[in-house]
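Shown next: upload_34.txt, given as compact mmCIF, C-alpha atoms.
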# COMPACT_ATOMS: atom_id res chain seq x y z
CA MET A 274 -3.44 1.29 20.38
CA ILE A 275 -3.66 5.09 20.06
CA THR A 276 -7.00 6.76 19.50
CA PRO A 277 -7.35 10.45 18.60
CA LYS A 278 -8.34 11.35 22.18
CA SER A 279 -5.17 9.94 23.73
CA PHE A 280 -3.05 11.26 20.88
CA ARG A 281 -4.23 14.85 21.21
CA GLY A 282 -1.54 17.39 22.09
CA SER A 283 1.38 15.39 20.67
CA ARG A 284 3.51 16.59 17.77
CA LEU A 285 1.62 14.12 15.59
CA ALA A 286 -1.67 15.93 16.10
CA GLY A 287 -1.72 16.73 12.39
CA LEU A 288 -1.54 13.02 11.63
CA VAL A 289 -4.57 12.41 13.83
CA ALA A 290 -6.46 15.15 12.01
CA ALA A 291 -5.59 13.50 8.71
CA ALA A 292 -6.85 10.15 9.99
CA ALA A 293 -10.11 11.74 11.10
CA ALA A 294 -10.48 13.38 7.70
CA LEU A 295 -10.02 10.00 6.02
CA SER A 296 -12.78 8.53 8.11
CA VAL A 297 -15.14 11.35 7.18
CA GLY A 298 -14.18 11.25 3.52
CA SER A 299 -14.66 7.52 3.18
CA ALA A 300 -18.36 7.91 3.99
CA ARG A 301 -18.82 10.00 0.86
CA PRO A 302 -20.13 8.04 -2.18
CA VAL A 303 -17.33 7.43 -4.69
CA SER A 304 -17.06 5.51 -7.94
CA ALA A 305 -13.53 4.50 -8.24
CA VAL A 306 -8.28 3.40 -7.08
CA ILE A 307 -8.65 5.36 -10.45
CA GLY A 308 -11.18 3.62 -12.64
CA GLY A 309 -11.80 0.96 -10.00
CA ALA A 310 -14.57 0.16 -7.55
CA GLU A 311 -15.03 -0.44 -3.84
CA SER A 312 -13.86 -3.95 -3.11
CA ALA A 313 -14.37 -6.68 -0.52
CA SER A 314 -12.05 -9.11 -2.34
CA PRO A 315 -9.48 -11.12 -0.31
CA PRO A 316 -6.76 -8.40 -0.56
CA ALA A 317 -9.16 -5.92 1.09
CA GLY A 318 -9.14 -8.00 4.27
CA SER A 319 -5.37 -7.73 4.48
CA ALA A 320 -4.99 -4.02 3.73
CA VAL A 321 -4.37 -1.10 6.10
CA MET A 322 -3.21 2.50 5.70
CA VAL A 323 0.22 3.88 6.59
CA LEU A 324 0.36 7.56 7.58
CA THR A 325 3.32 9.84 8.33
CA SER A 326 3.69 13.03 10.35
CA ARG A 327 4.56 14.87 7.10
CA GLY A 328 1.01 14.30 5.92
CA GLY A 329 1.86 11.34 3.67
CA MET A 330 -0.63 8.54 3.15
CA CYS A 331 0.03 5.07 1.75
CA SER A 332 -1.54 1.65 1.76
CA GLY A 333 -0.03 -1.51 3.24
CA VAL A 334 -0.41 -5.29 3.21
CA VAL A 335 -0.69 -7.25 6.46
CA ILE A 336 1.57 -10.32 6.18
CA ALA A 337 1.57 -11.36 9.86
CA PRO A 338 -0.58 -10.32 12.84
CA ASP A 339 1.80 -7.44 13.58
CA VAL A 340 3.76 -6.98 10.33
CA VAL A 341 2.83 -4.75 7.38
CA LEU A 342 4.52 -4.74 3.97
CA THR A 343 4.47 -1.40 2.16
CA ALA A 344 6.49 0.76 -0.24
CA GLY A 345 9.87 2.01 0.95
CA HIS A 346 9.14 5.64 0.16
CA CYS A 347 6.16 5.48 2.51
CA VAL A 348 8.36 5.14 5.60
CA ALA A 349 11.77 6.47 4.50
CA GLY A 350 13.20 9.54 6.20
CA THR A 351 12.69 10.90 9.69
CA ALA A 352 8.90 11.34 9.70
CA GLU A 353 7.03 9.36 12.32
CA THR A 354 4.79 6.60 11.01
CA ARG A 355 1.48 5.15 12.13
CA ILE A 356 -0.52 2.15 10.95
CA HIS A 357 -4.08 3.37 10.46
CA PHE A 358 -7.48 1.76 10.13
CA LYS A 359 -11.03 2.38 11.27
CA GLY A 360 -12.30 0.83 14.48
CA PRO A 361 -15.61 -1.03 14.84
CA ASP A 362 -17.38 2.27 15.51
CA GLY A 363 -15.81 3.92 12.47
CA ALA A 364 -13.43 6.05 14.54
CA PRO A 365 -9.82 6.29 13.33
CA VAL A 366 -7.23 4.10 15.07
CA LEU A 367 -3.48 4.80 14.92
CA ILE A 368 -0.84 2.30 16.04
CA ALA A 369 2.83 3.16 16.41
CA PRO A 370 5.41 0.80 14.91
CA SER A 371 7.95 -0.93 17.13
CA ALA A 372 10.34 -1.45 14.22
CA ARG A 373 10.69 -0.82 10.50
CA ALA A 374 13.06 -2.08 7.83
CA LEU A 375 13.81 -0.49 4.46
CA HIS A 376 14.96 -2.79 1.68
CA PRO A 377 18.73 -2.27 1.23
CA GLY A 378 18.10 -1.77 -2.49
CA TYR A 379 15.79 1.19 -1.93
CA ASP A 380 17.15 4.37 -3.53
CA PRO A 381 15.26 7.59 -2.72
CA GLY A 382 16.88 9.36 -5.68
CA ALA A 383 16.18 6.63 -8.20
CA ILE A 384 13.61 8.50 -10.27
CA ALA A 385 15.68 11.66 -10.67
CA GLY A 386 18.85 9.68 -11.33
CA ARG A 387 17.18 7.07 -13.54
CA ARG A 388 18.48 4.29 -11.31
CA ARG A 389 16.78 1.11 -10.20
CA SER A 390 15.24 0.93 -6.75
CA ILE A 391 13.59 -1.84 -4.76
CA ASP A 392 10.88 0.26 -3.17
CA LEU A 393 9.85 -2.00 -0.28
CA ALA A 394 9.64 -1.71 3.49
CA LEU A 395 8.38 -3.77 6.40
CA VAL A 396 6.76 -2.20 9.46
CA ARG A 397 6.20 -4.04 12.72
CA SER A 398 3.23 -2.92 14.76
CA SER A 399 3.73 -2.31 18.48
CA GLU A 400 0.68 -4.51 19.10
CA PRO A 401 -1.21 -7.17 17.15
CA LEU A 402 -3.69 -5.85 14.60
CA PRO A 403 -7.36 -6.80 15.02
CA GLY A 404 -8.23 -10.31 13.93
CA ARG A 405 -10.33 -9.01 11.05
CA PHE A 406 -7.07 -8.30 9.19
CA ALA A 407 -6.17 -11.72 7.83
CA PRO A 408 -2.49 -11.97 6.83
CA ALA A 409 -2.19 -12.09 3.05
CA THR A 410 -0.85 -15.10 1.22
CA LEU A 411 2.11 -14.05 -0.94
CA SER A 412 3.18 -15.47 -4.28
CA ALA A 413 6.60 -15.71 -5.89
CA ASP A 414 5.02 -16.00 -9.36
CA MET A 415 6.38 -13.72 -12.08
CA PRO A 416 3.43 -12.42 -14.14
CA ARG A 417 4.26 -11.48 -17.71
CA LYS A 418 2.77 -9.45 -20.51
CA GLY A 419 -0.94 -10.03 -20.94
CA ASP A 420 -1.53 -11.59 -17.51
CA ALA A 421 -4.40 -10.23 -15.43
CA VAL A 422 -3.98 -8.89 -11.88
CA ALA A 423 -5.95 -6.73 -9.46
CA LEU A 424 -4.46 -3.56 -7.94
CA GLY A 425 -5.95 -2.27 -4.70
CA GLY A 426 -5.45 0.58 -2.25
CA TYR A 427 -6.91 3.38 -0.16
CA GLY A 428 -5.84 6.22 -2.46
CA LEU A 429 -7.53 8.84 -4.59
CA ALA A 430 -10.48 7.92 -6.76
CA GLN A 431 -11.61 9.34 -10.08
CA GLY A 432 -11.31 13.12 -10.19
CA GLY A 433 -8.58 13.40 -7.58
CA ASP A 434 -10.84 14.59 -4.76
CA PRO A 435 -8.79 14.25 -1.49
CA ARG A 436 -12.00 13.31 0.31
CA SER A 437 -12.17 10.13 -1.77
CA THR A 438 -9.25 8.54 0.10
CA GLY A 439 -9.75 6.06 2.93
CA THR A 440 -11.89 3.47 1.14
CA PHE A 441 -10.29 0.32 -0.27
CA ARG A 442 -10.86 0.05 -4.02
CA SER A 443 -9.60 -2.37 -6.62
CA ALA A 444 -9.16 -2.26 -10.38
CA ALA A 445 -8.54 -5.08 -12.85
CA LEU A 446 -5.36 -4.39 -14.83
CA GLY A 447 -3.18 -6.15 -17.34
CA VAL A 448 0.58 -6.62 -17.22
CA VAL A 449 2.52 -4.66 -19.82
CA GLU A 450 6.26 -4.67 -20.50
CA PRO A 451 7.18 -1.26 -21.96
CA TYR A 452 10.87 -1.90 -21.28
CA GLY A 453 10.81 -5.68 -21.57
CA PRO A 454 10.53 -8.29 -18.78
CA SER A 455 11.84 -7.24 -15.37
CA ARG A 456 12.83 -9.08 -12.20
CA ILE A 457 12.19 -6.00 -10.08
CA LEU A 458 9.15 -4.18 -11.44
CA LEU A 459 5.70 -5.00 -12.71
CA TRP A 460 4.07 -2.45 -15.05
CA LEU A 461 0.29 -2.40 -15.28
CA ALA A 462 -2.32 -0.66 -17.42
CA GLY A 463 -6.08 -0.76 -17.74
CA ALA A 464 -8.85 0.65 -19.85
CA GLY A 465 -10.38 4.00 -19.02
CA ARG A 466 -7.48 5.46 -17.03
CA ALA A 467 -7.61 2.64 -14.48
CA GLY A 468 -4.72 2.30 -12.07
CA ALA A 469 -2.96 3.52 -8.95
CA CYS A 470 -3.01 7.08 -7.65
CA GLU A 471 -1.81 9.00 -4.58
CA GLY A 472 -2.29 6.93 -1.45
CA ASP A 473 -2.18 3.57 -3.24
CA SER A 474 1.59 3.10 -2.85
CA GLY A 475 2.27 0.01 -0.76
CA GLY A 476 -1.08 -1.54 -1.64
CA PRO A 477 -1.51 -5.08 -2.94
CA VAL A 478 -1.24 -6.29 -6.50
CA ALA A 479 -2.88 -9.71 -6.49
CA LEU A 480 -3.24 -12.65 -8.84
CA PRO A 481 -6.66 -14.15 -9.59
CA GLY A 482 -7.52 -15.92 -6.35
CA GLY A 483 -6.06 -13.19 -4.15
CA ALA A 484 -2.39 -14.09 -3.60
CA GLY A 485 -0.21 -10.99 -3.43
CA VAL A 486 2.45 -10.88 -6.13
CA ALA A 487 3.66 -7.25 -5.84
CA VAL A 488 3.08 -3.97 -4.00
CA THR A 489 2.38 -0.69 -5.75
CA SER A 490 5.25 1.80 -5.91
CA GLY A 491 4.09 4.52 -8.31
CA ALA A 492 1.88 5.73 -11.12
CA ALA A 493 2.12 7.77 -14.29
CA GLY A 494 -0.43 9.74 -16.25
CA SER A 495 -1.52 13.20 -17.23
CA GLY A 496 -3.39 15.95 -15.44
CA GLY A 497 -3.14 17.36 -11.96
CA ARG A 498 -2.67 14.04 -10.20
CA ASP A 499 -0.53 12.25 -12.79
CA CYS A 500 -2.49 9.01 -12.49
CA GLY A 501 -4.29 6.57 -14.71
CA ALA A 502 -1.93 5.82 -17.59
CA MET A 503 0.47 3.31 -16.04
CA SER A 504 0.97 1.77 -12.60
CA GLN A 505 4.24 0.40 -11.27
CA ALA A 506 4.73 -2.28 -8.59
CA VAL A 507 7.63 -4.14 -7.02
CA LEU A 508 7.59 -7.90 -7.52
CA LEU A 509 7.73 -9.88 -4.28
CA GLY A 510 9.18 -13.18 -5.54
CA PRO A 511 12.71 -11.89 -6.19
CA GLN A 512 12.68 -10.20 -2.75
CA ARG A 513 11.39 -13.22 -0.86
CA ASP A 514 14.69 -13.88 0.95
CA TRP A 515 14.72 -10.32 2.34
CA ILE A 516 11.04 -10.39 3.34
CA ASP A 517 11.45 -13.76 5.09
CA ARG A 518 14.72 -12.75 6.77
CA ILE A 519 13.31 -9.57 8.31
CA ALA A 520 10.10 -11.34 9.34
CA ALA A 521 12.13 -14.15 10.94
CA ALA A 522 14.12 -11.58 12.92
CA TRP A 523 10.74 -10.47 14.30
CA SER A 524 9.77 -14.12 14.97
CA ARG A 525 7.23 -14.11 12.16
CA GLU A 526 6.80 -16.26 9.03
CA PRO A 527 4.84 -14.94 6.02
CA ALA A 528 2.67 -17.40 4.12
CA TRP A 529 3.79 -18.12 0.54
CA ARG A 530 1.83 -20.29 -1.83

What does the file become when written as structure tokens?
Amino acid sequence: MITPKSFRGSRLAGLVAAAAALSVGSARPVSAVIGGAESASPPAGSAVMVLTSRGGMCSGVVIAPDVVLTAGHCVAGTAETRIHFKGPDGAPVLIAPSARALHPGYDPGAIAGRRRSIDLALVRSSEPLPGRFAPATLSADMPRKGDAVALGGYGLAQGGDPRSTGTFRSAALGVVEPYGPSRILLWLAGAGRAGACEGDSGGPVALPGGAGVAVTSGAAGSGGRDCGAMSQAVLLGPQRDWIDRIAAAWSREPAWR
């Protein structure tokens, strides 16, 4: 486990500074994911942050004591990655991964090329995460138009203030199908500009009861942060074989309901 003191002087010093800033910012009163609220729901107990040395911040879902599921774009490329959370004293903790796996269907140029992409990744921690992070139960259900879900993450809140990151928030959203049903993506929308924003990628999308059915991959909207109109997530059910295969290679077995 790497704390800021032991990490000082490395080429990831900027990442440590970002983690410290998150800890300070999360103490600031905030009202909203976008249009959401601070949450202690079951997904909150399985959620961590994923930081990179390029200054990127994402959310992640703990699916085994040392395995985190997140979005592929959060760990793609050559940037170094750290799993981040706050310790019991509120100080930032950073743990290096021992392995990571990008879904073979991930395409970093998908948006520009209008191609499909399975934006998922698994990260194995170099040490077990604290016991307070209960591995999430996953679901292979396929929600459809009109179904209710909850989207959660550590990203920007209402107004786009960078200091609002670092606190887990959740928003109730409904499934929409602007392009028809999909076996890859889940599209979500809510009232009052509710939805994902920067830093929520990789966070859980859960069914009523808390089982994770997807992870957030992007958001659309208007304004400086382009958030709040529509949220996009990758369905887990169709990717179950890949998730289970990588986890098995790491001697782990995710829980599916």

Query raised in the report: Near range 512-524 of chain A, within 8 Å and counting only C-alpha atoms, which residues show up once chain neighbours fewer than 2 positions away are dropped, as a PyMOL selection string?
Result: chain A and resi 340+374+376+395+413+508-510+526-527

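Every protein, DNA or RNA residue with an atom at most 9 Å from Val507 in chain A, where all atoms listed in the file count and chain neighbours fewer than 5 positions away do not, is listed here: Ala344, Ile391, Asp392, Leu393, Arg456, Ile457, Leu458, Leu459, Trp460, Val486, Ala487, Val488, Thr489, Ser490 and Gln512 of chain A.
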
Query raised in the report: Leaving out Gly426 in chain A and any residue of its chain fewer than 3 positions from it, which residues lie within 6 Å of it when counting all atoms listed in the file, given as a ChimeraX atom specification?
Result: /A:332,441-442,473,476

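For the atom pair formed by CA of Ala464 in chain A and CA of Gly447 in chain A, the distance is 9.2 Å, given to one decimal.
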
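Of the listed residues (A:Pro408, A:Gly318, A:Gly386, A:Gly494), A:Pro408 comes nearest to Ile336 in chain A; the distances count only C-alpha atoms.
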
Requested in this report: To one decimal in Å, tell me the separation between CA of Gly428 in chain A and CA of Leu411 in chain A.
Outcome: 21.8 Å

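Atom pair CA of Val348 in chain A / CA of Gly360 in chain A: separated by 22.9 Å.
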
So for range 507-523 of chain A, what box centre and size do we get, axis-aligned, 4 Å extra on each of the six sides, every listed atom, Å to one decimal, as AutoDock Vina command-line options?
--center_x 11.2 --center_y -9.1 --center_z 3.4 --size_x 15.1 --size_y 18.0 --size_z 29.8

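Considering only C-alpha atoms, the residue among A:Gly404, A:Ser412, A:Met503, A:Gly472 positioned nearest to His346 in chain A is A:Gly472.
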
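For the choices A:Gly378, A:Pro511, A:Gly491, A:Pro481, the atom-to-atom distance to Pro316 in chain A is smallest for A:Pro481 when using all atoms listed in the file.
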
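If all atoms listed in the file are the atoms counted, then among A:Ser504, A:Gly485, A:Ser474, A:Gly425 the closest residue to Ala462 in chain A is A:Ser504.
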
**Report entry** A:Tyr452, A:Lys359, A:Pro338, A:Ala349 ranked by distance to Thr440 in chain A, top pick (using all atoms listed in the file)
**Finding:** A:Lys359

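If you measure from each of A:Ala444, A:Leu402, A:Val396, A:Cys331 to Arg466 in chain A using all atoms listed in the file, the closest one turns out to be A:Ala444.
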
Report task. Mind checking which residues fall within 7 Å of Ser371 in chain A, counting all atoms listed in the file, ignoring those fewer than 4 positions away in the same chain, and posting them as a ChimeraX atom specification? Result -> /A:397-399
